[in-house]
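Colleague: I am sharing protein18.csv, which consists of CSV, C-alpha atoms:
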```
chain,number,residue,atom,x,y,z
T,1,MET,CA,-7.4,-27.4,7.9
T,2,LYS,CA,-6.8,-27.4,4.1
T,3,ILE,CA,-6.5,-24.0,2.4
T,4,HIS,CA,-8.2,-23.8,-1.0
T,5,LEU,CA,-5.5,-24.1,-3.7
T,6,LEU,CA,-6.8,-21.2,-5.8
T,7,VAL,CA,-6.4,-18.9,-2.8
T,8,ILE,CA,-2.8,-20.0,-2.3
T,9,LEU,CA,-2.1,-19.5,-6.0
T,10,ALA,CA,-3.5,-15.9,-6.0
T,11,PHE,CA,-1.7,-15.0,-2.8
T,12,LEU,CA,1.7,-16.2,-4.0
T,13,ALA,CA,1.3,-14.4,-7.3
T,14,ILE,CA,0.6,-11.1,-5.5
T,15,SER,CA,3.6,-11.6,-3.2
T,16,TYR,CA,6.1,-11.5,-6.1
T,17,THR,CA,4.8,-8.5,-8.1
T,18,GLY,CA,7.6,-6.2,-6.7
T,19,CYS,CA,10.6,-7.5,-8.7
T,20,LYS,CA,12.8,-5.4,-11.0
T,21,ASP,CA,15.0,-6.3,-13.9
T,22,SER,CA,18.7,-5.3,-14.5
T,23,ALA,CA,18.7,-2.0,-12.4
T,24,TYR,CA,21.9,-3.0,-10.5
T,25,THR,CA,25.3,-4.8,-10.9
T,26,PRO,CA,24.7,-8.5,-10.5
T,27,PRO,CA,27.2,-10.8,-8.7
T,28,PRO,CA,29.3,-13.2,-10.8
T,29,PRO,CA,27.2,-16.4,-11.7
T,30,SER,CA,27.9,-19.6,-9.8
T,31,GLN,CA,30.4,-21.5,-11.8
T,32,ALA,CA,30.2,-24.8,-13.7
T,33,ASN,CA,31.8,-26.8,-10.9
T,34,THR,CA,29.1,-26.0,-8.4
T,35,TYR,CA,25.8,-27.8,-7.5
T,36,LEU,CA,23.7,-25.1,-9.2
T,37,PRO,CA,25.6,-23.6,-12.2
T,38,GLU,CA,24.4,-20.2,-13.5
T,39,THR,CA,26.8,-19.9,-16.5
T,40,ALA,CA,25.2,-18.4,-19.5
T,41,GLY,CA,24.1,-20.9,-22.2
T,42,SER,CA,24.0,-23.9,-19.8
T,43,THR,CA,21.0,-26.1,-20.5
T,44,TRP,CA,19.1,-29.0,-18.8
T,45,ARG,CA,16.3,-31.1,-20.3
T,46,TYR,CA,13.9,-33.0,-18.0
T,47,ARG,CA,11.0,-35.4,-18.2
T,48,ASP,CA,8.2,-34.0,-16.1
T,49,SER,CA,5.6,-36.4,-14.8
T,50,ILE,CA,2.5,-34.8,-13.1
T,51,TYR,CA,0.0,-37.0,-11.2
T,52,SER,CA,-3.6,-36.5,-10.3
T,53,GLU,CA,-4.4,-36.2,-6.6
T,54,PRO,CA,-7.4,-35.6,-4.4
T,55,THR,CA,-6.6,-31.9,-3.9
T,56,ASP,CA,-6.4,-31.0,-7.6
T,57,THR,CA,-9.0,-28.4,-8.6
T,58,ALA,CA,-9.2,-30.1,-12.0
T,59,THR,CA,-8.9,-33.9,-12.4
T,60,ILE,CA,-6.0,-35.2,-14.4
T,61,ALA,CA,-6.7,-38.4,-16.3
T,62,GLY,CA,-3.7,-40.6,-15.5
T,63,VAL,CA,-0.1,-39.2,-15.6
T,64,LYS,CA,0.5,-36.1,-17.6
T,65,ILE,CA,4.0,-36.2,-19.2
T,66,ASP,CA,5.9,-33.1,-20.3
T,67,THR,CA,9.4,-32.3,-21.5
T,68,LEU,CA,11.1,-29.2,-20.0
T,69,THR,CA,14.2,-27.4,-21.2
T,70,PHE,CA,15.9,-24.9,-18.9
T,71,THR,CA,18.5,-22.5,-20.4
T,72,ILE,CA,20.5,-19.8,-18.5
T,73,ASN,CA,19.9,-16.8,-20.8
T,74,GLY,CA,22.3,-14.3,-19.2
T,75,GLY,CA,19.6,-11.9,-17.9
T,76,THR,CA,19.1,-11.1,-14.2
T,77,THR,CA,16.2,-10.2,-11.9
T,78,ASP,CA,16.2,-8.6,-8.4
T,79,PHE,CA,13.6,-10.0,-6.0
T,80,ASN,CA,13.8,-7.5,-3.1
T,81,GLY,CA,17.6,-7.6,-3.0
T,82,ARG,CA,17.9,-11.3,-3.9
T,83,ILE,CA,19.6,-11.2,-7.3
T,84,CYS,CA,18.8,-14.1,-9.6
T,85,TYR,CA,20.0,-15.3,-13.0
T,86,ASN,CA,17.1,-15.8,-15.4
T,87,VAL,CA,16.4,-19.2,-16.8
T,88,GLY,CA,14.3,-19.6,-19.9
T,89,ILE,CA,11.9,-22.6,-19.8
T,90,SER,CA,10.5,-24.4,-22.8
T,91,SER,CA,7.6,-26.7,-22.1
T,92,ILE,CA,6.0,-29.0,-24.7
T,93,GLN,CA,2.7,-28.8,-22.8
T,94,ASN,CA,2.7,-25.2,-21.6
T,95,GLY,CA,5.0,-23.2,-23.8
T,96,PRO,CA,7.7,-20.7,-22.6
T,97,GLY,CA,8.3,-19.6,-19.0
T,98,THR,CA,11.0,-18.3,-16.7
T,99,ALA,CA,12.7,-19.6,-13.5
T,100,TYR,CA,15.3,-17.7,-11.5
T,101,PHE,CA,18.5,-19.2,-10.0
T,102,PHE,CA,20.3,-17.6,-7.1
T,103,ALA,CA,23.5,-18.2,-5.1
T,104,GLU,CA,24.4,-15.9,-2.2
T,105,ASN,CA,26.3,-16.5,1.1
T,106,HIS,CA,26.7,-20.2,0.3
T,107,THR,CA,22.9,-20.6,-0.2
T,108,PHE,CA,21.7,-21.9,-3.5
T,109,GLY,CA,18.1,-21.9,-4.8
T,110,LEU,CA,15.6,-20.9,-7.3
T,111,PHE,CA,12.3,-19.1,-7.9
T,112,GLU,CA,10.0,-21.3,-10.0
T,113,GLN,CA,6.3,-21.4,-11.0
T,114,VAL,CA,5.0,-24.4,-9.1
T,115,THR,CA,1.6,-26.0,-9.4
T,116,PRO,CA,-0.5,-25.3,-7.4
T,117,PHE,CA,1.4,-22.5,-5.5
T,118,GLY,CA,2.5,-20.1,-8.2
T,119,LEU,CA,6.0,-18.4,-8.1
T,120,THR,CA,7.8,-20.0,-5.2
T,121,ASP,CA,11.2,-19.4,-3.5
T,122,PHE,CA,13.1,-22.7,-2.9
T,123,GLU,CA,16.3,-22.6,-0.8
T,124,VAL,CA,17.7,-26.0,-1.8
T,125,LEU,CA,21.2,-26.0,-0.5
T,126,VAL,CA,23.6,-24.5,2.0
T,127,ASP,CA,27.1,-25.5,0.9
T,128,PRO,CA,29.3,-26.8,2.6
T,129,ALA,CA,26.9,-27.7,5.5
T,130,SER,CA,26.8,-31.3,6.6
T,131,ALA,CA,24.1,-33.9,6.3
T,132,GLY,CA,21.4,-33.3,8.9
T,133,TYR,CA,21.7,-29.5,8.8
T,134,SER,CA,18.4,-27.6,8.7
T,135,TRP,CA,17.4,-24.0,8.3
T,136,VAL,CA,14.2,-22.0,8.0
T,137,SER,CA,13.3,-19.6,5.2
T,138,ALA,CA,10.2,-18.0,3.7
T,139,PRO,CA,8.7,-19.5,0.4
T,140,THR,CA,7.3,-16.1,-0.4
T,141,LEU,CA,8.4,-12.5,0.2
T,142,ASN,CA,5.5,-12.2,2.6
T,143,THR,CA,5.7,-14.7,5.6
T,144,LEU,CA,1.9,-14.7,5.9
T,145,LEU,CA,-0.4,-16.9,3.8
T,146,ASN,CA,-4.0,-15.9,3.9
T,147,GLY,CA,-3.3,-14.3,7.3
T,148,SER,CA,-1.5,-17.4,8.7
T,149,PRO,CA,2.3,-17.7,9.2
T,150,ILE,CA,4.0,-19.8,6.5
T,151,ARG,CA,7.6,-21.1,6.5
T,152,SER,CA,9.9,-23.5,4.7
T,153,VAL,CA,12.0,-25.9,6.7
T,154,ASN,CA,15.0,-27.0,4.5
T,155,THR,CA,17.2,-29.9,5.3
T,156,ILE,CA,20.4,-31.5,3.8
T,157,VAL,CA,19.3,-35.1,3.9
T,158,GLU,CA,22.4,-36.9,2.4
T,159,LYS,CA,25.7,-35.9,0.9
T,160,ASN,CA,28.2,-37.5,-1.5
T,161,ILE,CA,25.8,-40.2,-2.6
T,162,VAL,CA,25.4,-42.0,-5.9
T,163,LYS,CA,22.1,-41.5,-7.6
T,164,LYS,CA,20.7,-43.3,-10.6
T,165,VAL,CA,18.2,-41.3,-12.7
T,166,GLY,CA,16.8,-43.3,-15.7
T,167,LEU,CA,19.8,-44.9,-17.4
T,168,GLN,CA,22.3,-42.4,-16.0
T,169,THR,CA,24.3,-42.7,-12.8
T,170,PHE,CA,25.6,-39.6,-11.0
T,171,THR,CA,28.2,-39.3,-8.3
T,172,ASP,CA,28.9,-36.5,-5.7
T,173,VAL,CA,25.2,-35.9,-5.3
T,174,ILE,CA,23.5,-34.0,-2.5
T,175,HIS,CA,19.9,-34.8,-1.5
T,176,THR,CA,18.0,-32.0,0.2
T,177,SER,CA,14.4,-31.5,1.2
T,178,VAL,CA,12.1,-28.5,1.4
T,179,ASN,CA,9.0,-28.7,3.7
T,180,PHE,CA,6.3,-26.0,3.5
T,181,GLU,CA,4.5,-25.5,6.7
T,182,ILE,CA,1.6,-23.3,7.8
T,183,ASN,CA,0.2,-22.3,11.2
T,184,VAL,CA,-3.5,-21.8,11.1
T,185,ASN,CA,-5.3,-20.1,14.0
T,186,GLY,CA,-2.2,-20.6,16.2
T,187,ALA,CA,-2.7,-24.4,16.2
T,188,GLY,CA,1.0,-25.0,15.3
T,189,PHE,CA,2.8,-25.5,12.0
T,190,HIS,CA,1.8,-28.5,9.8
T,191,ASN,CA,2.9,-29.6,6.4
T,192,ILE,CA,1.1,-28.6,3.2
T,193,ALA,CA,3.9,-29.5,0.6
T,194,TYR,CA,7.2,-31.4,0.6
T,195,TYR,CA,9.9,-31.5,-2.0
T,196,ASP,CA,13.0,-33.7,-2.5
T,197,PHE,CA,15.9,-32.3,-4.6
T,198,TYR,CA,18.9,-34.1,-5.9
T,199,LEU,CA,21.8,-32.0,-7.1
T,200,ALA,CA,25.0,-33.3,-8.8
T,201,LYS,CA,28.2,-31.3,-8.6
T,202,GLY,CA,29.1,-29.7,-11.9
T,203,ILE,CA,25.6,-30.5,-13.3
T,204,GLY,CA,22.9,-29.1,-11.1
T,205,LEU,CA,19.4,-30.4,-10.4
T,206,ILE,CA,19.0,-34.0,-11.6
T,207,GLU,CA,15.7,-34.9,-9.9
T,208,LYS,CA,12.9,-33.2,-8.1
T,209,ASP,CA,10.0,-35.0,-6.4
T,210,ALA,CA,7.0,-32.9,-5.2
T,211,TYR,CA,4.3,-34.0,-2.6
T,212,VAL,CA,1.2,-31.9,-1.9
T,213,TYR,CA,-0.8,-32.8,1.2
T,214,GLY,CA,1.2,-36.1,1.4
T,215,ASN,CA,0.4,-37.2,-2.2
T,216,LEU,CA,3.0,-37.4,-4.9
T,217,ASN,CA,2.2,-34.6,-7.3
T,218,GLU,CA,5.2,-34.3,-9.7
T,219,THR,CA,8.5,-36.0,-10.6
T,220,GLU,CA,11.1,-34.2,-12.7
T,221,THR,CA,14.0,-36.3,-13.9
T,222,ILE,CA,17.0,-35.2,-16.0
T,223,LEU,CA,17.3,-36.4,-19.6
T,224,ASN,CA,20.5,-34.6,-20.7
T,225,TYR,CA,22.4,-31.4,-20.0
T,226,ASN,CA,25.1,-29.1,-21.4
T,227,ILE,CA,27.0,-27.0,-18.8
T,228,LYS,CA,29.0,-24.1,-20.2
```
Starting from the file, give its structure as structure tokens.
Modeller:
Amino acid sequence: MKIHLLVILAFLAISYTGCKDSAYTPPPPSQANTYLPETAGSTWRYRDSIYSEPTDTATIAGVKIDTLTFTINGGTTDFNGRICYNVGISSIQNGPGTAYFFAENHTFGLFEQVTPFGLTDFEVLVDPASAGYSWVSAPTLNTLLNGSPIRSVNTIVEKNIVKKVGLQTFTDVIHTSVNFEINVNGAGFHNIAYYDFYLAKGIGLIEKDAYVYGNLNETETILNYNIK
């Protein structure tokens, strides 16, 4: 059973209205030599390719290309006790936005606005877990989606690999996956979205591939970076 994407978007937006800014003492940011640096002033620039697919509510003619710039701005946000470092986003197509990086108890991840789901919690890495390690988390602060249980099954697929992105070659890369699953009417969990993440040590995210209902929806590849 496919859930209407507008219902998903509305639900996830409501799930994250209870955040608060800077009313606490944040932990130190993850450092420049990690797989997801949070050091103030660090920047990453990506080519973002978005593809049309059968589940889109509005047809995209061909591939939509954007350029995204992420900058750690030094601010922090508390999502129900999960303290994040704010990341300003500049998009040529969509203007400014914000993502949120977190690192706690060896778990690294981010909150990000994701088409078509809205603000989404990705746990992308448990370090130093080995390849093949999997864990379950919630992609929203509410584990129900439209009355049905939803979960994220996260896996470390590969470690210490070499990854070529465009003309750049990166070493000491970890490949992880995030699989969103829903259980409708007790029929068992099934996939609604799948993501591949590639993270390079001392750099951060170098590529993200997103699949919705089995179709490639988006590819985000790094162009350049400056880690402070």
Colleague: What does the structure give for the distance between atom CA of Val136 of chain T and atom CA of Thr155 of chain T, in Å to one decimal?
Modeller: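 Separation between atom CA of Val136 of chain T and atom CA of Thr155 of chain T: 8.9 Å.
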Colleague: Which is closer to Thr77 of chain T than all the others in T:Thr39, T:Thr34, T:Thr25, T:Asn146, using only C-alpha atoms?
Modeller: T:Thr25
Colleague: Between atom CA of Leu125 of chain T and atom CA of Thr67 of chain T, measure the distance and give it in Å to one decimal.
Modeller: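 Rounded to one decimal, the two atoms are 24.9 Å apart.
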Colleague: I'd like the neighbourhood of Phe102 of chain T as a compact mmCIF listing (two decimals) with C-alpha atoms, keeping the file's coordinate frame, where a residue qualifies if any of its atoms comes within 7 Å (using all atoms listed in the file), though same-chain residues fewer than 4 positions away should be ignored.
Modeller:
```
# COMPACT_ATOMS: atom_id res chain seq x y z
CA ILE T 83 19.60 -11.20 -7.30
CA CYS T 84 18.80 -14.10 -9.60
CA TYR T 85 20.00 -15.30 -13.00
CA PHE T 108 21.70 -21.90 -3.50
CA GLY T 109 18.10 -21.90 -4.80
CA LEU T 110 15.60 -20.90 -7.30
```
Colleague: Would you please work out which residue, of T:Glu38, T:Glu207, T:Asp48, T:Glu158, is nearest to Tyr100 of chain T when using all atoms listed in the file?
Modeller: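 Among the listed residues, the smallest separation from Tyr100 of chain T belongs to T:Glu38.
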Colleague: Can you tell me which residues surround Ala193 of chain T at a distance of at most 7 Å, considering all atoms listed in the file, apart from same-chain residues fewer than 3 positions away, and format the answer as a ChimeraX atom specification?
Modeller: /T:179-180,211-213
Colleague: Fewer than 4 positions away in the same chain doesn't count, so skip those; otherwise give me all residues within 6 Å of Ile150 of chain T, counting all atoms listed in the file, as a list in words.
Modeller: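 In the requested format, the answer is Thr143, Leu144, Leu145, Glu181 and Ile182 of chain T.
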Colleague: Export, as an mmCIF file, in the coordinates of the input, the selected residues with C-alpha atoms.
Modeller:
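That gives us out.cif:
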```cif
data_model
loop_
_atom_site.group_PDB
_atom_site.id
_atom_site.type_symbol
_atom_site.label_atom_id
_atom_site.label_comp_id
_atom_site.auth_asym_id
_atom_site.auth_seq_id
_atom_site.Cartn_x
_atom_site.Cartn_y
_atom_site.Cartn_z
ATOM 1 C CA THR T 143 5.700 -14.700 5.600
ATOM 2 C CA LEU T 144 1.900 -14.700 5.900
ATOM 3 C CA LEU T 145 -0.400 -16.900 3.800
ATOM 4 C CA GLU T 181 4.500 -25.500 6.700
ATOM 5 C CA ILE T 182 1.600 -23.300 7.800
#
```
Colleague: At what distance in Å, to one decimal, does atom CA of Phe122 of chain T lie from atom CA of Ile50 of chain T?
Modeller: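 Going from atom CA of Ile50 of chain T over to atom CA of Phe122 of chain T, I get 19.0 Å.
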Colleague: Identify, on the basis of only C-alpha atoms, every residue whose closest approach to Val184 of chain T does not exceed 8 Å; exclude the query and any residue fewer than 3 positions from it along the same chain; express the result as a ChimeraX atom specification.
Modeller: /T:1,148-149,187-189
Colleague: Take the residues from that selection and put them in a file with C-alpha atoms, as a CSV table (one decimal), keeping the file's coordinate frame.
Modeller:
```
chain,number,residue,atom,x,y,z
T,1,MET,CA,-7.4,-27.4,7.9
T,148,SER,CA,-1.5,-17.4,8.7
T,149,PRO,CA,2.3,-17.7,9.2
T,187,ALA,CA,-2.7,-24.4,16.2
T,188,GLY,CA,1.0,-25.0,15.3
T,189,PHE,CA,2.8,-25.5,12.0
```
Colleague: Between T:His106, T:Lys64, T:Arg45, T:Lys163, which residue has the minimum interatomic distance to Ile89 of chain T, considering all atoms listed in the file?
Modeller: T:Arg45
Colleague: Counting only C-alpha atoms, figure out which residue out of T:Thr43, T:Tyr51, T:Thr76, T:Ala138 gets nearest to Asn215 of chain T.
Modeller: T:Tyr51
Colleague: How about completing segment 166-182 of chain T with N, CA and C atoms and giving it to me as a CSV table (one decimal), keeping the file's coordinate frame?
Modeller:
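New file out28.csv:
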```csv
chain,number,residue,atom,x,y,z
T,166,GLY,N,17.0,-42.6,-14.4
T,166,GLY,CA,16.8,-43.3,-15.7
T,166,GLY,C,18.0,-44.2,-15.9
T,167,LEU,N,18.7,-44.1,-17.0
T,167,LEU,CA,19.8,-44.9,-17.4
T,167,LEU,C,21.1,-44.3,-17.0
T,168,GLN,N,21.1,-43.1,-16.4
T,168,GLN,CA,22.3,-42.4,-16.0
T,168,GLN,C,22.6,-42.5,-14.5
T,169,THR,N,23.9,-42.6,-14.2
T,169,THR,CA,24.3,-42.7,-12.8
T,169,THR,C,25.2,-41.5,-12.5
T,170,PHE,N,24.9,-40.8,-11.4
T,170,PHE,CA,25.6,-39.6,-11.0
T,170,PHE,C,26.3,-39.8,-9.6
T,171,THR,N,27.5,-39.3,-9.5
T,171,THR,CA,28.2,-39.3,-8.3
T,171,THR,C,28.3,-37.9,-7.7
T,172,ASP,N,28.8,-37.8,-6.4
T,172,ASP,CA,28.9,-36.5,-5.7
T,172,ASP,C,27.6,-35.8,-5.8
T,173,VAL,N,26.5,-36.5,-5.3
T,173,VAL,CA,25.2,-35.9,-5.3
T,173,VAL,C,24.8,-35.5,-3.9
T,174,ILE,N,24.1,-34.4,-3.8
T,174,ILE,CA,23.5,-34.0,-2.5
T,174,ILE,C,22.0,-34.1,-2.6
T,175,HIS,N,21.4,-34.7,-1.6
T,175,HIS,CA,19.9,-34.8,-1.5
T,175,HIS,C,19.4,-33.9,-0.4
T,176,THR,N,18.6,-33.0,-0.8
T,176,THR,CA,18.0,-32.0,0.2
T,176,THR,C,16.5,-32.1,0.1
T,177,SER,N,15.9,-31.6,1.2
T,177,SER,CA,14.4,-31.5,1.2
T,177,SER,C,13.9,-30.1,1.6
T,178,VAL,N,12.7,-29.8,1.1
T,178,VAL,CA,12.1,-28.5,1.4
T,178,VAL,C,10.7,-28.8,1.9
T,179,ASN,N,10.3,-28.4,3.1
T,179,ASN,CA,9.0,-28.7,3.7
T,179,ASN,C,8.3,-27.4,4.0
T,180,PHE,N,7.2,-27.2,3.2
T,180,PHE,CA,6.3,-26.0,3.5
T,180,PHE,C,5.4,-26.3,4.6
T,181,GLU,N,5.3,-25.4,5.6
T,181,GLU,CA,4.5,-25.5,6.7
T,181,GLU,C,3.6,-24.3,7.0
T,182,ILE,N,2.4,-24.4,7.5
T,182,ILE,CA,1.6,-23.3,7.8
T,182,ILE,C,1.0,-23.4,9.2
```
